[in-house]
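Encoded as structure tokens, the structure appears first; notes follow it.
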Protein chains: 2
Amino acid sequence: MAVSIPRTPESVTGKQQRTPRAFEMVVDHVEQSVLQGSLKAGDRLPGERELVNRFAVSRSSIREAMRVLESSGVISTRPGDPRGAIILPPTSDPLRKLMTKLAVFSRSSLADLLLYRMTLESAASSLAASRRSAGDLLELEKAMARMTQCLELGLEEFSRADLNFHDVVARISRNPMIQISGEAVRASIEDLIKGYLRESSEDRVLMHRTLHHHREVLEAIRSQDAHVAEHLARSSIFEYYGHLLGDSDRLAVAALASFGTPAGSVQ
Amino acid sequence: MAVSIPRTPESVTGKQQRTPRAFEMVVDHVEQSVLQGSLKAGDRLPGERELVNRFAVSRSSIREAMRVLESSGVISTRPGDPRGAIILPPTSDPLRKLMTKLAVFSRSSLADLLLYRMTLESAASSLAASRRSAGDLLELEKAMARMTQCLELGLEEFSRADLNFHDVVARISRNPMIQISGEAVRASIEDLIKGYLRESSEDRVLMHRTLHHHREVLEAIRSQDAHVAEHLARSSIFEYYGHLLGDSDRLAVAALASFGTPAGSVQ
DNA sequence: AGAGCATTACTGGTCTGACTACCTGAGGCT
DNA sequence: AGCCTCAGGTAGTCAGACCAGTAATGCTCT
């Protein structure tokens, strides 16, 4: 009998890839199951000890797999829960964390994130205008009302209500990717400028102007004017955050913001 | 003496958050170290057994932390390496993977993905027009040339060259987020329509029309006309993939594609 | 001395078995 | 019905062991 068989016939491929680790098998299998629909959001994974039997690996390996799946937002675990890990619906949370991390590590500027966000918000507004139902309009009005209430509570509360408005618009766009990416970049920007936003005498002016912009966006969505909604969304973000940018960055962001300006109408 | 102290004074915040787990301490500590610069790319972490001493947790917990850090691209490990895990330079790789996963898990329709992609590509083209250098133009020409060569090699090869062109444009936009999201959604779309693209007698027409569109985009970037570049990018994607959509979807996508049409110019 | 090679002393990857704190659901109580 | 208790099983954690693999050490040969 052959004594020493090369682990894999990679001598052929030439691509020296490492021996797959035990936990990777488990991760791949679960991800594939979610992908193929045999595991849906809300479903439960068997307990760790049961997974040990199914995959024929030790509990350590199972647990390492759980950590990886958890960190990419596929599952969630709770100590003591006899029902096992739960499959999560796709959310923006892990994306947000990675985005923030990358933004900080690579020193990518606030301008980069704002450009990305303007792109997404304007698309969301455009789609929302095309697809909004009567009920959606009510939700938007509610979000507007919340912003109005927060006028008195300071910039921080107001910002929260502001973000909520954008969340609603993104939801109405009915495009999961735009929605999730939007949530992630909004949160990431918040993480980054936390602290930069200090009390200022101009806060009231900024908040009122923002409120006005949002009202315009809402009306564009109401009248299902996708193009106007798209344009307004861009400029409104620029108006809100532009003052945080350096001169050169501001110029670049303004250029993108100006796109779609209806010839000789809104300003 | 008090007998039973609440684990944390969260009774105040009301925000019932779970007891931090052992491996999370390790993850946070390493991430903070990288963030604060005390750990730079290329540095080595101590071996797992040494980390057990430093953090006073078991090796299992250390290993779970390693898996999390690995999956978010902070470190890389190799079996048997006596120098310990290595700190990786920040890359967009994990973000791209997560985004791709999200695109697949969210079960977005082709129309959803196309809308998302049109949004990103147009933003990338706009920025590329604003920021392109002379060298960038050369790269774009090279990508164009490759597409021209692939005219003879069939739709599959041509599509690859097409995607490459978009990659180059995205790179020139110099916005990491737009670039990464673009890569992810392009890959997802390819996965989704793989197989749907079958040989057709109209392939040559499609390819030539696409080539023409890309030439227009390139010229807009050359003349630094951001608005035209943005518009052309949208419509060119629609032209390329539109025939794969159902009627209602096609209408919605066309609506977004039409945004920014310069009044009474192109077409 | 310097190049090449076997050895050695670790490493990461995996497994086992144990303990604790905790959650859930069943059954009994009011 | 609603509340409480409690048993069973769970995730989280730990200690200890083994294996396959790496790289630096020290040795040999030239």
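Labeling convention for the structure tokens: chains A, B, ... as they appear, residues from 1 per chain, ligands from 1 in order of appearance.
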query = Leaving out stretch 227-238 of chain A and any residue of its chain fewer than 6 positions from it, which residues lie within 10 Å of it when counting only C-alpha atoms (C1' of nucleotides), given as a PyMOL selection string?
reply = (chain A and resi 114-115+117-130+166+209-214+216-221+244-245+250+253-254+256-262+265-266) or (chain B and resi 255-256+258-260)
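All C-alpha atoms of chain A, paired in order with those of chain B and fitted by least squares, deviate by an RMSD of 2.2 Å.
The residues of chain B lying at most 6 Å from chain C, with only C-alpha atoms (C1' of nucleotides) taken into account, are Pro79, Gly80, Asp81 and Pro82 of chain B.
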message = So that I can see what lies close to D:DC14, please list as a list in words the residues with an atom at most 12 Å from it, counting only C-alpha atoms (C1' of nucleotides) and leaving out residues fewer than 2 positions away in the same chain.
response = Ser60 of chain A; Ala22, Val52, Ala56, Val57, Ser58, Arg59, Ser60, Ser61 and Ile62 of chain B; DG17, DA18, DC19 and DT20 of chain C; DG12 and DG16 of chain D
request  = Report as a list in words the set of chain D residues whose atoms approach chain B to within 9 Å, with distances computed over only C-alpha atoms (C1' of nucleotides).
outcome  =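 Here is what falls inside 9 Å: DG12, DT13, DC14, DA15, DA20, DG21, DT22 and DA23 of chain D.
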task = List every residue of stretch 59-257 of chain B that DSSP, applied to the backbone of this structure, assigns to helix (DSSP H, G or I), and report them as JSON, numbers by chain.
result = {"B": [59, 60, 61, 62, 63, 64, 65, 66, 67, 68, 69, 70, 71, 93, 94, 95, 96, 97, 98, 99, 100, 101, 102, 103, 104, 105, 110, 111, 112, 113, 114, 115, 116, 117, 118, 119, 120, 121, 122, 123, 124, 125, 126, 127, 128, 129, 130, 131, 134, 135, 136, 137, 138, 139, 140, 141, 142, 143, 144, 145, 146, 147, 148, 149, 150, 151, 152, 153, 155, 156, 157, 158, 159, 160, 161, 162, 163, 164, 165, 166, 167, 168, 169, 170, 171, 172, 173, 176, 177, 178, 179, 180, 181, 182, 183, 184, 185, 186, 187, 188, 189, 190, 191, 192, 193, 203, 204, 205, 206, 207, 208, 209, 210, 211, 212, 213, 214, 215, 216, 217, 218, 219, 220, 221, 222, 226, 227, 228, 229, 230, 231, 232, 233, 234, 235, 236, 237, 238, 239, 240, 241, 242, 243, 244, 247, 248, 249, 250, 251, 252, 253, 254, 255, 256, 257]}
key: Counting only C-alpha atoms, chain B residues within 8 Å of chain A, as a PyMOL selection string   = chain B and resi 35+60+63-64+67-68+71-72+90-92+94-95+98-99+102-106+108+112-113+116+119-120+123+126-127+130+175-178+226-227+252+256+259-260+263
